[in-house]
Amino acid sequence: MSNILTVLIFFPLIAAILGLFVSQKSIRVYGITVAVAEFLLSLWLWMSFDSNYAGMQFVEKLKLIPDFGISYYLGVDGISLFIVIMATLMTLIGIIALSIKKDVKNMIITLLFLEVAMVGVFVSLDVILFYVFWEFSLVPMLYIIGAWGGDKRLYASIKFFVYTFAGSLVMLIGILYVAYIYYSTTGVWSFSLTDWYGLILPISVQKYLFWAFFLGFAIKVPMFPFHTWLPYAHGQAPTVGSVILAAVLLKMGSYGFVRFSLPLFPDASVAYILPVVIIAIIMIIYTAMVAYAQKDMKQVIAYSSISHMGIIVLGTFAMNVEGIAGSIFQMLSHGIVSGALFLLVGVIYDRRHTKELSQFGGIAKVMPNYATIFVIMTMASVGLPLTIGFIGEYLSLLGFFKVSPVLTVIAGTSIILGAVYMLNITRKTFFGPLTNPENKKLKDLNAKELTALIPLVAIVVWLGIYPKPVLQPIDNSTKALVQLMHKKAQTKQAKATILVSKSHEGVNK
Amino acid sequence: MINLPDLSSLNLISMSPMFVILLGALAILCIDLIKPNLDKTLYVILTMLTLFIALGATLSLNINERGLFDTILIDGVSVLGQTLIIGGSILFIPLALTKRKFHDFSYPEFFSLFLFMVFGFQFMAASDNLILIFVGLETGSLALYTLIAMHNTKLAHEAAIKYFTMGAMAAGFFVMGAAIIYATTGSVEMYSIAKVLQDRIGDTEIIVPIIGGALFMIVAIGFKVSLVPFHMWTPDAYEGASAPMAGYMSVVPKVAMMVVAIRLFGIYMELNIEIIKTTIILLAIVTTTLANMMALVQKDVKRMLAYSSISHAGFVLIAIALDTTKGYSSIFLYYGLFMFTNLGAFTMLWISRHKYNVHHDRFHHPYSKFAGMIKKAPISAVVMAVFMLSLAGVPPFSLFWGKLYVLSAIVDSGYYVVAIIMALNSAIAVYYYLKLVVYMFLKEPDESSKNVVYANRAFSLELVIGIAAFVTITSIFYIEPLMSFITDLVGASGY
């Protein structure tokens, strides 16, 4: 099946439209069925994916606006493959764990629309197509936060929308400019990413373009100081909204760095390693501290999620195979782990309708299964060896160690800080005396919640112990990416920095 | 011996679309004279027929011909302009068939006036003679003032008078500008103006009148396409006019004036007079930004849409200062797409129009009227949301492509900062469009909005909304042929 990517994009779209005719009563089953089918399709994609081939696979190209070089151009490589699978998986888990009562039908249909946009972003190789999906993903999320969120949901949803919209418009100007340069060098318009990869831009131009793209991606990631929309969005979003937001939508930004910023502007990326990394480190440490100070469980997870995104950015800007592959793996691990943590917070919120840390304590006695899963996820989030969190974090930091040991050490404190706040909320919530009488009659996880959570636990442990099936394709494609960057780099400094990866066997050919 | 002009240069065929419209208008008047008290449906359909024939005539015109003793110029731009004008009119006229009776549409004169107005605007688009443009402008505008006043509410009268006063002033500026240009170049024909200016551009004494004339023209055009600071009449005029008329005003007269602006400023761009370029760019930036700011604080959806259409006009105006084929083409693409979306949005207001202000003391369409619309009328709410997102420039809806082309044209010409300002303006704009979406989707319906939504519902209105929504949603499939059609025509006229 060579057009599987088209199926992956349009199946949820058609399902969402047809879903309008399914009655409210049975919509949940419909949603789960569609999401399972979509997830199986994405697994099929993985099965038929050639792990040894580093380039784009399942490529489809159809001209949409030939005069202006816009085409319907899809493809996956090792970098995007697993993010796509994660997107379909987290949508499925989100729908299974759905606990809202109000307007379930609208929610399911919105989630399916969102899935279209998410899959589309990660498989688009045409930049305008990418941009279309990227922007379109805002609309369902706006509705999810705005319609099912907390008291300040309108403020949160609009802030989310306007913030990201502004950033991506600046990126759009950057996109148009690259296209114009492509046009003036080759004489034809093209928005195909693979065409753009062949373009060697003057360094002075790269510097502006780098920041234009950076703004779009940084707001999405979200990087300090553009992160302020995220705690609001998380604080107000319903559980499923937070899960998708943390697990997949934030990855669009970090994926953008890997897919666009690095290969298109290698020299500028190297030149700006320091400022970007300083922002990343501020983001890692500052948000970790803020996380510690939070009184609300969900806010802790939200800030910790920002903090971990900092590691991803750090790994990306290591500019070598370890760092970039590590950051891609960390994207997956962050998606699984923070998604699971948001689900877990949602579980307790459904029971108690509060997320205040002070309300809890000693819950492990009444909810043992819940506590076990929560602790496993905490460990993964902290980056304990043998969990999924370890590998990505380790590789990212290892990669960056080659660039700057000092900065890596500073960034590494995040692991300690992470342990502090995560263990802190675990202790406050689960251990100690069970003082609050309301907590005494709490029920442990029910079948629905277990169905949603156990696969995630399994993935956390499986990939923590044996990451090779995932890491290998990522590694292959990353090598190709770094080679490309190295080939394109013009300044000595850039060659030298990207050269670091030559110590790694694959690139040394 | 009297020197008779050569009759072959009359070339009546070049004016065939105008004649069709004129005949239609006269026919309606005659029918009313012979047999009064006919139903309005007859007039609506007759008007539509006339417009359709005129559209056909426009599309079959030969490009690059002159007529009426060389005062009419049929080039690509004029064909595009006329197509947009007639197309907008075709979309507008079915909106007269409402469920409720409104004063305006009960007069047959409304329809013949409407056709006279189209006739006037066509002349503006099809001529490069300053006097003929002025005649067209006045014919169209005077008819339009009357049409607004025929809505016959207090606000409508106010709107008409305001628009009339401002329009008269704009006309004054236009005449002054034309006079100065005539005094400097000795001609009212644009091609000979261009020639004279080209020859004499070195003269230092001529530069002040050249720029002065252009500034007068900018003011006149600014009034008509509602650029800040000449926009004051717009929100009030739109609010007073009936909703579809407001939507119509936000597209068709502006297209006509844009064509004039393209022709006139095209000359100045050719000469590379930096100050005029800068003035236009500054005006465009100010217009977009301030109109967006004003739109943020509006309490009434119609006024919001009025300010939004001002800001869209500013956005498009930039393209004139670029002087590239892509820039000029993107103007027509943008207005073509904007026409459907914006008219659709205004029709959504029209469909929910009550005879009296039931929602608010002052406004017909306060935001709260639309609160919780998704619960009461889900399809309408979705369609309205699509229009709003399209206006905001969210892909994949139609105006995104318009924005893309305009921004791309700006970037191509090297105005990066301007492009970023315009892009950020879209981010400001998204807030007020979203506000309506938020009201419709995310707020609970309140008491005042219980009985609304479809007060004025009729099949023809739904049809127009359906067409507009279809065009807005499926844009990706027709952008390519549309754009190459536009580019060909614009390129053929030498821009």
# chains A, B, ... in the order shown; residues from 1 in each chain; ligands from 1
>>> residues_around(residues="range 261-269 of chain B", least_positions_apart="2", cutoff="8 Å", atoms="only C-alpha atoms", output="number ranges by chain")
B: 128, 190, 194, 214, 221, 257-259, 271-273, 276-277, 320-321, 323, 328, 495
>>> write_last_selection(atoms="N, CA and C atoms", output="PDB file, in the first residue's frame")
ATOM      1  N   ASP B 128      -9.883  54.631 -18.973  1.00  0.00           N
ATOM      2  CA  ASP B 128      -8.659  55.236 -18.461  1.00  0.00           C
ATOM      3  C   ASP B 128      -8.677  56.730 -18.723  1.00  0.00           C
ATOM      4  N   MET B 190      -5.068  58.563 -19.461  1.00  0.00           N
ATOM      5  CA  MET B 190      -3.943  58.118 -18.652  1.00  0.00           C
ATOM      6  C   MET B 190      -2.733  57.754 -19.484  1.00  0.00           C
ATOM      7  N   ALA B 194       0.798  59.371 -18.854  1.00  0.00           N
ATOM      8  CA  ALA B 194       1.999  58.594 -18.583  1.00  0.00           C
ATOM      9  C   ALA B 194       3.128  59.022 -19.510  1.00  0.00           C
ATOM     10  N   ALA B 214      -1.088  63.560  -7.267  1.00  0.00           N
ATOM     11  CA  ALA B 214      -1.198  62.192  -6.784  1.00  0.00           C
ATOM     12  C   ALA B 214      -1.759  62.158  -5.369  1.00  0.00           C
ATOM     13  N   ILE B 221      -9.220  58.349  -3.450  1.00  0.00           N
ATOM     14  CA  ILE B 221      -9.311  56.894  -3.455  1.00  0.00           C
ATOM     15  C   ILE B 221      -9.402  56.372  -2.033  1.00  0.00           C
ATOM     16  N   MET B 257     -12.784  51.040  -7.357  1.00  0.00           N
ATOM     17  CA  MET B 257     -11.807  52.074  -7.035  1.00  0.00           C
ATOM     18  C   MET B 257     -10.390  51.518  -7.084  1.00  0.00           C
ATOM     19  N   MET B 258     -10.247  50.254  -6.705  1.00  0.00           N
ATOM     20  CA  MET B 258      -8.917  49.642  -6.756  1.00  0.00           C
ATOM     21  C   MET B 258      -8.400  49.606  -8.199  1.00  0.00           C
ATOM     22  N   VAL B 259      -9.302  49.313  -9.133  1.00  0.00           N
ATOM     23  CA  VAL B 259      -8.876  49.288 -10.531  1.00  0.00           C
ATOM     24  C   VAL B 259      -8.371  50.670 -10.944  1.00  0.00           C
ATOM     25  N   LEU B 271       7.271  55.383 -12.860  1.00  0.00           N
ATOM     26  CA  LEU B 271       8.257  56.458 -12.812  1.00  0.00           C
ATOM     27  C   LEU B 271       9.145  56.369 -11.589  1.00  0.00           C
ATOM     28  N   ASN B 272       8.815  55.418 -10.719  1.00  0.00           N
ATOM     29  CA  ASN B 272       9.619  55.233  -9.518  1.00  0.00           C
ATOM     30  C   ASN B 272       9.660  56.463  -8.623  1.00  0.00           C
ATOM     31  N   ILE B 273       8.503  57.045  -8.414  1.00  0.00           N
ATOM     32  CA  ILE B 273       8.492  58.189  -7.516  1.00  0.00           C
ATOM     33  C   ILE B 273       8.359  57.637  -6.104  1.00  0.00           C
ATOM     34  N   ILE B 276       5.541  58.625  -3.372  1.00  0.00           N
ATOM     35  CA  ILE B 276       4.178  58.113  -3.541  1.00  0.00           C
ATOM     36  C   ILE B 276       4.114  56.672  -3.063  1.00  0.00           C
ATOM     37  N   LYS B 277       5.148  55.912  -3.424  1.00  0.00           N
ATOM     38  CA  LYS B 277       5.230  54.536  -2.978  1.00  0.00           C
ATOM     39  C   LYS B 277       5.179  54.471  -1.451  1.00  0.00           C
ATOM     40  N   ILE B 320      -0.454  47.440  -4.416  1.00  0.00           N
ATOM     41  CA  ILE B 320      -0.341  48.455  -5.464  1.00  0.00           C
ATOM     42  C   ILE B 320       1.055  49.068  -5.467  1.00  0.00           C
ATOM     43  N   ALA B 321       1.611  49.202  -4.273  1.00  0.00           N
ATOM     44  CA  ALA B 321       2.912  49.863  -4.181  1.00  0.00           C
ATOM     45  C   ALA B 321       4.049  48.968  -4.650  1.00  0.00           C
ATOM     46  N   ASP B 323       4.156  47.151  -7.540  1.00  0.00           N
ATOM     47  CA  ASP B 323       4.354  47.253  -8.981  1.00  0.00           C
ATOM     48  C   ASP B 323       4.929  45.966  -9.577  1.00  0.00           C
ATOM     49  N   TYR B 328      -0.222  42.879  -8.448  1.00  0.00           N
ATOM     50  CA  TYR B 328      -1.512  43.297  -9.007  1.00  0.00           C
ATOM     51  C   TYR B 328      -2.468  42.113  -9.087  1.00  0.00           C
ATOM     52  N   TYR B 495       0.718  45.034 -16.737  1.00  0.00           N
ATOM     53  CA  TYR B 495       1.121  45.366 -15.363  1.00  0.00           C
ATOM     54  C   TYR B 495       2.058  44.322 -14.799  1.00  0.00           C
TER      55      TYR B 495
END
>>> residues_around(residues="Lys152 in chain A", least_positions_apart="5", cutoff="10 Å", atoms="only C-alpha atoms", output="list in words")
Ile145, Gly146, Ser157, Tyr232, Ala233, Gly235, Gln236 and Ala237 of chain A
>>> residues_around(residues="Ile32 in chain A", least_positions_apart="5", cutoff="8 Å", atoms="only C-alpha atoms", output="number ranges by chain")
A: 92, 95-96
>>> interface_residues(of="chain A", to="chain B", cutoff="6 Å", atoms="only C-alpha atoms", output="mmCIF file with C-alpha atoms, in the first residue's frame")
data_model
loop_
_atom_site.group_PDB
_atom_site.id
_atom_site.type_symbol
_atom_site.label_atom_id
_atom_site.label_comp_id
_atom_site.auth_asym_id
_atom_site.auth_seq_id
_atom_site.Cartn_x
_atom_site.Cartn_y
_atom_site.Cartn_z
ATOM 1 C CA ILE A 65 -0.878 24.672 -7.324
ATOM 2 C CA VAL A 132 -1.883 24.353 6.585
ATOM 3 C CA GLY A 146 -12.820 26.411 25.252
ATOM 4 C CA ALA A 147 -15.785 24.089 25.441
ATOM 5 C CA ALA A 166 1.244 35.141 15.821
ATOM 6 C CA LEU A 169 2.660 34.029 10.857
ATOM 7 C CA LEU A 176 7.755 32.753 1.694
#
>>> closest_residue(among="A:Phe210, A:Tyr197, A:Tyr155, A:Phe224", to="Pro263 in chain A", atoms="only C-alpha atoms")
A:Tyr197
>>> closest_residue(among="A:Leu423, A:Ile391, A:Gly361, A:Lys63", to="Met379 in chain A", atoms="only C-alpha atoms")
A:Leu423
>>> atom_distance(atom1="CA of Tyr307 in chain B", atom2="CA of Ala170 in chain B")
19.5 Å
>>> closest_residue(among="A:Leu41, A:Leu138, A:Leu357, A:Ile282", to="Ile425 in chain A", atoms="only C-alpha atoms")
A:Leu357
>>> atom_distance(atom1="CA of Met319 in chain A", atom2="CA of Met331 in chain A")
16.3 Å
>>> closest_residue(among="A:Ser404, A:Ser48, A:Thr372, A:Thr413", to="Leu445 in chain A", atoms="only C-alpha atoms")
A:Thr372
>>> residues_around(residues="range 378-380 of chain B", least_positions_apart="6", cutoff="10 Å", atoms="only C-alpha atoms", output="list in words")
Met348, Ile351, Gly372, Val386, Met440, Phe441, Val453, Tyr454, Glu462 and Ile465 of chain B
>>> atom_distance(atom1="CA of Thr316 in chain A", atom2="CA of Gln472 in chain A")
17.2 Å
>>> closest_residue(among="A:Phe265, A:Phe136, A:Tyr177, A:Phe317", to="Gly198 in chain A", atoms="only C-alpha atoms")
A:Phe265
>>> residues_around(residues="Asp195 in chain A", least_positions_apart="4", cutoff="10 Å", atoms="only C-alpha atoms", output="PyMOL selection string")
chain A and resi 125-126+182+190-191+199
>>> write_last_selection(atoms="N, CA and C atoms", output="mmCIF file, in the first residue's frame")
data_model
loop_
_atom_site.group_PDB
_atom_site.id
_atom_site.type_symbol
_atom_site.label_atom_id
_atom_site.label_comp_id
_atom_site.auth_asym_id
_atom_site.auth_seq_id
_atom_site.Cartn_x
_atom_site.Cartn_y
_atom_site.Cartn_z
ATOM 1 N N LEU A 125 5.668 16.963 3.490
ATOM 2 C CA LEU A 125 6.996 17.373 3.048
ATOM 3 C C LEU A 125 6.916 18.641 2.220
ATOM 4 N N ASP A 126 5.706 19.106 2.001
ATOM 5 C CA ASP A 126 5.547 20.389 1.341
ATOM 6 C C ASP A 126 5.333 21.421 2.444
ATOM 7 N N TYR A 182 14.485 30.391 -3.427
ATOM 8 C CA TYR A 182 14.520 29.207 -4.285
ATOM 9 C C TYR A 182 14.128 29.598 -5.708
ATOM 10 N N SER A 190 8.923 26.434 -5.714
ATOM 11 C CA SER A 190 8.738 25.136 -5.085
ATOM 12 C C SER A 190 8.689 25.304 -3.585
ATOM 13 N N PHE A 191 7.762 24.592 -2.982
ATOM 14 C CA PHE A 191 7.695 24.573 -1.525
ATOM 15 C C PHE A 191 8.047 23.191 -0.995
ATOM 16 N N LEU A 199 19.151 23.696 -1.206
ATOM 17 C CA LEU A 199 19.424 25.132 -1.319
ATOM 18 C C LEU A 199 20.475 25.538 -0.294
#
>>> select_by_dssp(residues="range 61-204 of chain A", states="strand (DSSP E)", output="PyMOL selection string")
chain A and resi 61-65+70-76
>>> residues_around(residues="Tyr292 in chain A", least_positions_apart="4", cutoff="7 Å", atoms="only C-alpha atoms", output="count of residues only")
3
>>> closest_residue(among="B:Ser9, B:Thr50, B:Ser226, B:Ser390", to="Pro253 in chain B", atoms="only C-alpha atoms")
B:Ser226
>>> decode(residues="range 456-506 of chain A", atoms="C-alpha atoms", output="PDB file, in the first residue's frame")
ATOM      1  CA  LEU A 456       1.600   3.239  28.304  1.00  0.00           C
ATOM      2  CA  VAL A 457       3.273   1.508  31.236  1.00  0.00           C
ATOM      3  CA  ALA A 458       4.221  -1.348  28.944  1.00  0.00           C
ATOM      4  CA  ILE A 459       5.772   1.053  26.448  1.00  0.00           C
ATOM      5  CA  VAL A 460       7.641   2.897  29.166  1.00  0.00           C
ATOM      6  CA  VAL A 461       9.238  -0.313  30.381  1.00  0.00           C
ATOM      7  CA  TRP A 462       9.706  -1.951  26.980  1.00  0.00           C
ATOM      8  CA  LEU A 463      11.433   0.987  25.348  1.00  0.00           C
ATOM      9  CA  GLY A 464      13.348   1.627  28.528  1.00  0.00           C
ATOM     10  CA  ILE A 465      14.905  -1.817  28.349  1.00  0.00           C
ATOM     11  CA  TYR A 466      15.055  -2.429  24.625  1.00  0.00           C
ATOM     12  CA  PRO A 467      14.912   0.812  22.642  1.00  0.00           C
ATOM     13  CA  LYS A 468      16.672  -0.571  19.582  1.00  0.00           C
ATOM     14  CA  PRO A 469      13.693  -1.122  17.246  1.00  0.00           C
ATOM     15  CA  VAL A 470      12.761   2.512  17.684  1.00  0.00           C
ATOM     16  CA  LEU A 471      16.177   4.001  18.081  1.00  0.00           C
ATOM     17  CA  GLN A 472      17.683   2.392  15.028  1.00  0.00           C
ATOM     18  CA  PRO A 473      15.472   3.987  12.356  1.00  0.00           C
ATOM     19  CA  ILE A 474      15.733   7.277  14.213  1.00  0.00           C
ATOM     20  CA  ASP A 475      19.483   6.945  14.235  1.00  0.00           C
ATOM     21  CA  ASN A 476      19.642   6.165  10.522  1.00  0.00           C
ATOM     22  CA  SER A 477      17.591   9.122   9.478  1.00  0.00           C
ATOM     23  CA  THR A 478      19.377  11.384  11.906  1.00  0.00           C
ATOM     24  CA  LYS A 479      22.705  10.389  10.433  1.00  0.00           C
ATOM     25  CA  ALA A 480      21.441  11.295   7.015  1.00  0.00           C
ATOM     26  CA  LEU A 481      20.257  14.611   8.384  1.00  0.00           C
ATOM     27  CA  VAL A 482      23.557  15.419  10.029  1.00  0.00           C
ATOM     28  CA  GLN A 483      25.427  14.450   6.900  1.00  0.00           C
ATOM     29  CA  LEU A 484      23.252  16.781   4.899  1.00  0.00           C
ATOM     30  CA  MET A 485      23.870  19.574   7.357  1.00  0.00           C
ATOM     31  CA  HIS A 486      27.565  18.941   7.296  1.00  0.00           C
ATOM     32  CA  LYS A 487      27.617  18.993   3.542  1.00  0.00           C
ATOM     33  CA  LYS A 488      25.693  22.253   3.441  1.00  0.00           C
ATOM     34  CA  ALA A 489      27.626  24.049   6.166  1.00  0.00           C
ATOM     35  CA  GLN A 490      29.701  26.907   4.821  1.00  0.00           C
ATOM     36  CA  THR A 491      31.638  28.360   7.729  1.00  0.00           C
ATOM     37  CA  LYS A 492      34.544  26.606   9.355  1.00  0.00           C
ATOM     38  CA  GLN A 493      32.898  26.879  12.720  1.00  0.00           C
ATOM     39  CA  ALA A 494      29.789  25.177  11.470  1.00  0.00           C
ATOM     40  CA  LYS A 495      31.765  22.426   9.767  1.00  0.00           C
ATOM     41  CA  ALA A 496      33.688  21.920  12.971  1.00  0.00           C
ATOM     42  CA  THR A 497      30.636  21.773  15.191  1.00  0.00           C
ATOM     43  CA  ILE A 498      28.695  19.456  12.967  1.00  0.00           C
ATOM     44  CA  LEU A 499      31.925  17.539  12.476  1.00  0.00           C
ATOM     45  CA  VAL A 500      31.885  16.468  16.086  1.00  0.00           C
ATOM     46  CA  SER A 501      29.563  13.761  14.978  1.00  0.00           C
ATOM     47  CA  LYS A 502      32.336  12.318  12.842  1.00  0.00           C
ATOM     48  CA  SER A 503      33.504  10.487  15.878  1.00  0.00           C
ATOM     49  CA  HIS A 504      30.315   8.530  15.493  1.00  0.00           C
ATOM     50  CA  GLU A 505      30.807   5.535  13.241  1.00  0.00           C
ATOM     51  CA  GLY A 506      28.060   6.107  10.720  1.00  0.00           C
TER      52      GLY A 506
END
